[in-house]
Structure formats: structure tokens, C-alpha cells
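Before any comments, here is the structure.
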Amino acid sequence: MTFQAPKGTFDWLPPRSERVLAVREALVQPVRQAGYGYIETPTFEDTELFKRGVGESTDVVTKEMYTFLDKGGRSITLRPEGTAPVVRAVLQHGLHNGQLPVKLWYSGSQFRYERAQKGRYRHFWQVGAEALGAEDPALDAELILLAWQGYQSLGLRRVELLINSLGDRECRPAYRGTLQEFLRGLDLDEETRRRIEINPLRVLDDKRPEVQAQLGDAPLMVDHLCEACKAYHEEVRSLLAAAGVPYTDEPRLVRGLDYYTRTTFEFVHGGLGSQSAVGGGGRYDGLSELIGGPSLPSVGWALGVDRTLLAMEAEGLLDDTGEGRVAVYGVPLGEEARRRMFLLMAELRRAGVSADMAFGGKGLKGAMKGADRSGARFALILGERDLAARAVQLKDLTTAEQTEVPLAQVVEIVKGKLS
RNA sequence: GUGGGCGUAGCUCAGUUGGCAGAGCGCCAGGUUGUGGUCCUGGAUGUCGUGGGUUCAAGUCCCAUCGCUCACCCCA
């Protein structure tokens with residue numbers, strides 16, 4: 001082997017790659033049905049967008065970004081997440097000057113420079129949805145419900161929804177101080193102590209047992225929410241309950257991006273190895289202002305496409321890759337037959353019948369083998385004898401029954417048999 | 001960035017106290033000169049990750065290095 005995919009990346013190959021398309025399609029379908037419009041933004045952005053948007057204190061920005069200088073000396077970063085670019089595009093094009101909320105969805109690659117492990121790669125795929133410019137608990141609940149429906153439609157049964165509220169600029173600062181005071185009294189390593197000063201909430205999310213053991217009495221945001229945040233959170237929870245979406249309150253859920261306020265949530269699954277989140281999101285009322293825009297209270301999520309596939313695999317939903325690639329397979333014998341078969345394939349496809357044929361001058365036996373492996377229902381065998389008779393042999397590969405049909409009618413006949 | 005495990009055929013892997021490079025699956029061909037799957041027979045494919053060392057002799061032992069993988073951390 002001369003080259004391989006860069007560290008931390010991988011290729012999607014058939015037949016699994018087809019499932020990736022299906023997963024994206026399924027996750028997106030509910031969102032489209034709810035009036036979200038498709039947006040595509042560049043794969044790379046001005047580095048500053050992520051520094052300001054995602055937050056200087058986050059791991060994503062401090063150590064996980066693919067950043068480089070382009071030939072014009074600009075600092076460019078491959079997007080590590082999709083929300084900041086969407087907000088940037090909305091502001092740039094003034095989409096928020098129309099009716100609110102602006103509802104958008106996207107699907108694409110994200111990049112983070114991390115040590116790869118199961119479910120975590122340097123290049124990964126997300127489907128995302130964002131609703132910008134409205135502060136309404138029903139919008140938070142709608143998004144959560146749409147994601148939930150996406151997972152359900154894929155047959156996933158072991159996806160769990162965790163929710164929390166991170167408060168807002170009214171109540172979070174005071175809580176933050178209280179939490180810092182508590183954390184400073186604990187026995188923690190140096191890096192974690194540093195984190196107490198920069199982003200104390202994330203210490204709560206530390207999964208190391210020696211850290212968790214000390215957090216039993218830690219003050220929680222839920223107990224320090226202001227009246228407005230409390231009411232908002234209650235309403236989101238009540239709407240979810242009314243819609244029949246099961247959820248678990250997780251007061252330690254913090255998430256790693258700085259822009260989240262109030263509602264945060266994560267969809268977790270136990271089948272991904274040590275990674276558990278298959279999707280997550282929350283409200284980000286301050287993000288627009290962080291990157292120079294007006295107040296634009298918004299909520300959104302991103303669902304990991306490759307992680308969703310792992311979850312499906314863990315639930316045994318990927319097993320039968322059964323269906324054939326094509327419905328009909330052409331077996332030409334000789335030069336003249338190959339030319340005619342080439343045209344016949346085109347006719348079949350034009351008529352809406354998927355078709356493939358044997359290439360490379362294979363003998364009959366080899367070509368029939370190809371027919372078998374293609375998963376085709378029918379083989380069309382065409383040799384000199386058939387050409388002379390202006391006919392083709394139509395073989396049903398499931399019953400081995402073979403009939404001769406006129407070349408002029410084969411497309412119609414095959415179409416009829418397949419319907 | 002830190003730690004564990006693993007690198008042998010296209011794939012999954014065996015290879016004993018150091019002694020001729022192996023199996024299964026897949027692929028190709030034939031059994032059947034115009035018929036697939038099942039079956040039978042035969043065939044091809046290896047810088048044993050790479051470099052160095054020890055030894056009469058290294059896939060096997062030692063050192064280094066690269067890669068993969070799992071986990072920590074973090075997140076989708």
C-alpha cells in the first residue's frame with residue numbers, strides 16, 4: 001500500500017456507505033417537514049469566528065482546531081462545528097431581518113484535531129438544525145422532538161435524552177461564583193484547577209471517578225436558576241412530556257462549547273465505546289452578539305452521523321445489507337452482442353429499471369457469476385444465436401426459469417415483471 | 001498530549017523451545033466450447049509495517065521507528 005487515509009480519518013465503502021446516506025436522510029426528514037430550509041456554508045472559515053463564537057477557553061479552540069495560513073496570509077480553520085458558521089451566514093446575508101425565527105438545517109463534514117478512538121475521528125459528519133431569533137420554549141422543545149423522531153425513525157431504541165439548563169446572564173454569573181468557591185476547596189490536579197477559573201461548569205462534567213467522588217455536594221445550576229430561566233426550563237420539560245419524549249434531568253450536563261445558555265441537551269447511547277453522545281445541542285442566546293451581531297436568541301443541535309451509525313450497529317440494525325444493487329444484469333456473448341447489450345442497458349435505465357452488465361470480455365460462466373453477485377432479479381443473456389433471432393434470453397435468477405423474448409419488447413416485459 | 005493492545009496473502013487470523021511462509025474466506029481458471037448460486041479440482045498473490053542489532057539461522061529474541069486500535073482527556 002502506498003498511501004492511506006490521514007490519521008484519524010476513514011473511508012465509507014459500499015455497502016455501508018449506502019447506510020450513511022440513509023441515516024442522513026432519516027435525520028433530516030423531520031426537520032424539513034417542520035419548515036427548516038437547507039443551508040450550506042464553506043468547509044473553512046476565518047479562524048477568529050470560532051475563537052469568538054465557540055470560545056477561547058474551550059478545548060475545541062485551544063487544541064482541536066485545524067488552523068493554517070492560506071496563501072494570502074489569512075488564518076483559516078476547518079470548521080470544528082456548524083453553529084457558528086450558520087450564525088455568521090445569517091448575519092452576513094441579513095436573514096434575521098425577515099420573519100423570525102430563521103429555521104435552517106445543514107449536513108456536512110466537521111474537523112477536530114484529536115486522538116482518534118471509537119466514535120471519535122478527526123473528520124466526522126454532522127446533521128444540524130438551528131432556529132434563530134426567537135425565545136420560545138416551544139422552539140427548544142420542537143427541535144428536541146424533531147431529533148428524537150429522527151432517531152426513532154431509524155429504529156434506534158436505546159437513545160436516551162439528557163437535559164439541563166445552564167441559566168442565563170442573570171443567574172449564571174452568581175452561580176458560577178458559588179461553584180468556583182466550592183471547587184477551589186477540592187483536591188484536584190493543576191489542569192482542572194485552571195479550568196475552575198476559566199470555565200468552572202465544565203468541571204462538573206469531568207468523568208473521572210476521583211473527580212466525581214468529590215462533586216457530590218457541588219452546587220447545581222438548577223438550584224440557582226432565576227425565575228425566568230426556571231419557568232422557561234419547566235415549560236420545555238412540560239412540552240417534551242406532553243409530546244411523549246422521555247427525558248432524564250442531568251444537572252451535571254454542561255457541554256463543551258461556551259455559547260450555550262439555558263436549555264442544553266444531549267442524546268446518548270451506550271453502544272459507542274467510551275463516547276456516548278450521538279447528538280447534542282442547546283440554546284445559544286448570546287452567540288450572535290459574540291460575533292458582532294444583534295441580539296438573536298437561538299437554539300439548535302447537531303447529530304453525529306457516524307456515531308448514529310455506530311449506535312445502529314450496536315442495536316443490530318445494520319445486519320441485512322440484502323437488496324441487490326440492480327434489478328437486471330446483462331450477459332453479452334461476443335463483440336456484436338456487447339454493443340447491443342450496451343444500448344439495451346441504456347434503454348432499461350431510461351425506462352426506470354436499474355441495470356448493470358458484464359464488462360471486460362468475461363466468458364458466459366464468469367458473466368453469470370457477475371449476475372448472481374449483483375443481486376439482480378433477472379439476467380439478460382444475449383449471444384449470436386439470439387441476435388440472429390432478434391431475441392434475448394430472460395432468466396429469472398431466483399427460479400432459474402428462462403424464456404426467450406423478442407429484443408424489441410424486452411424492456412416492457414422486464415418492466416412488467418418487476419412491477 | 002498520556003497510557004494499554006496489535007501490525008504475517010485482498011479480508012479474518014494461525015505460526016510451538018529461533019530451523020523450508022500457513023489456514024479459512026475471497027479472487028481467478030477448469031469440471032460444463034451458451035448458463036449463476038451448491039459441489040469438486042486446480043491456481044495466483046507476501047519488502048512477515050519499517051530500520052538496525054543478537055545468532056550458523058529471526059515472522060519468532062533485543063532496540064528504535066511508523067501505523068492501526070482501544071482507553072484517558074474532550075466531544076457529535
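Letters A, B, ... mark the chains of the C-alpha cells in the order given; residue numbers begin at 1 per chain; ligand numbers begin at 1, in order shown.
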Inset, instruction - Assign secondary structure with DSSP using the backbone only, and return the residues of region 143-224 of chain A in strand (DSSP E) as a VMD selection string. - result: chain A and resid 160 to 165
Residues from last step as file, N, CA and C atoms, as a PDB file, in the first residue's frame:
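Writing done, so here's out18.pdb:
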```
ATOM      1  N   GLU A 160     -30.948   7.847  24.631  1.00  0.00           N
ATOM      2  CA  GLU A 160     -31.511   8.500  25.810  1.00  0.00           C
ATOM      3  C   GLU A 160     -31.302   9.989  25.714  1.00  0.00           C
ATOM      4  N   LEU A 161     -32.285  10.727  26.171  1.00  0.00           N
ATOM      5  CA  LEU A 161     -32.201  12.185  26.129  1.00  0.00           C
ATOM      6  C   LEU A 161     -31.909  12.735  27.520  1.00  0.00           C
ATOM      7  N   LEU A 162     -30.821  13.505  27.622  1.00  0.00           N
ATOM      8  CA  LEU A 162     -30.482  14.161  28.881  1.00  0.00           C
ATOM      9  C   LEU A 162     -30.687  15.657  28.703  1.00  0.00           C
ATOM     10  N   ILE A 163     -31.325  16.301  29.663  1.00  0.00           N
ATOM     11  CA  ILE A 163     -31.479  17.743  29.524  1.00  0.00           C
ATOM     12  C   ILE A 163     -31.097  18.477  30.803  1.00  0.00           C
ATOM     13  N   ASN A 164     -30.785  19.750  30.611  1.00  0.00           N
ATOM     14  CA  ASN A 164     -30.378  20.602  31.719  1.00  0.00           C
ATOM     15  C   ASN A 164     -30.586  22.047  31.303  1.00  0.00           C
ATOM     16  N   SER A 165     -30.478  22.938  32.255  1.00  0.00           N
ATOM     17  CA  SER A 165     -30.487  24.362  31.934  1.00  0.00           C
ATOM     18  C   SER A 165     -29.228  24.978  32.510  1.00  0.00           C
TER      19      SER A 165
END
```
Legend entry - DSSP helix (DSSP H, G or I) selection over region 190-371 of chain A, as a VMD selection string: chain A and resid 190 to 198 200 to 205 209 to 212 221 to 224 227 to 242 287 to 290 305 to 314 335 to 350 364 to 371
Inset, instruction - Find the spatial neighbours of region 31-37 of chain B, counting only C-alpha atoms (C1' of nucleotides), within a cut-off of 10 Å - ignore same-chain residues fewer than 3 positions away - and output them as a count of residues only. - result: 26
Legend entry - Contact set, chain B to chain A: 10 Å, only C-alpha atoms (C1' of nucleotides), as a PyMOL selection string: chain B and resi 1+28+32+34-37+67-76
Inset, instruction - Calculate how many Å separate CA of Leu100 (chain A) from CA of Ala242 (chain A), rounding to one decimal. - result: 24.8 Å
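Counting only C-alpha atoms and comparing A:Phe378, A:Tyr284, A:Tyr232, A:Tyr36, the residue that lies closest to Asp136 (chain A) is A:Tyr232.
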Legend entry - Within 10 Å of G15 (chain B) using only C-alpha atoms (C1' of nucleotides), minus same-chain residues under 5 positions, as a ChimeraX atom specification: /B:8,21-22,59-60
Inset, instruction - Do a neighbour search on Ile198 (chain A) at 12 Å with only C-alpha atoms (C1' of nucleotides), toss out local chain neighbours closer than 5 positions, and write the hits as a PyMOL selection string. - result: chain A and resi 55-59+176-177+180+191-193+203+258
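Relative to CA of Ser419 (chain A), CA of Asp356 (chain A) is found at 18.5 Å.
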Legend entry - 9 Å contact set for Ser153 (chain A), only C-alpha atoms (C1' of nucleotides), chain neighbours under 4 positions out, as a PyMOL selection string: chain A and resi 26-27+148-149
Saved selection, atoms kept: N, CA, C and O atoms, as a PDB file, in the first residue's frame:
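Written file, part-v7.pdb:
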```pdb
ATOM      1  N   ALA A  26     -32.746  10.185   6.990  1.00  0.00           N
ATOM      2  CA  ALA A  26     -33.721   9.966   8.058  1.00  0.00           C
ATOM      3  C   ALA A  26     -33.652  11.061   9.126  1.00  0.00           C
ATOM      4  O   ALA A  26     -34.677  11.474   9.661  1.00  0.00           O
ATOM      5  N   LEU A  27     -32.444  11.511   9.440  1.00  0.00           N
ATOM      6  CA  LEU A  27     -32.306  12.517  10.490  1.00  0.00           C
ATOM      7  C   LEU A  27     -32.844  13.871  10.037  1.00  0.00           C
ATOM      8  O   LEU A  27     -33.302  14.679  10.840  1.00  0.00           O
ATOM      9  N   TRP A 148     -35.422  13.589  18.137  1.00  0.00           N
ATOM     10  CA  TRP A 148     -35.920  12.343  18.725  1.00  0.00           C
ATOM     11  C   TRP A 148     -36.619  11.508  17.662  1.00  0.00           C
ATOM     12  O   TRP A 148     -36.400  10.300  17.531  1.00  0.00           O
ATOM     13  N   GLN A 149     -37.459  12.166  16.875  1.00  0.00           N
ATOM     14  CA  GLN A 149     -38.181  11.459  15.818  1.00  0.00           C
ATOM     15  C   GLN A 149     -37.222  10.876  14.784  1.00  0.00           C
ATOM     16  O   GLN A 149     -37.439   9.784  14.268  1.00  0.00           O
TER      17      GLN A 149
END
```
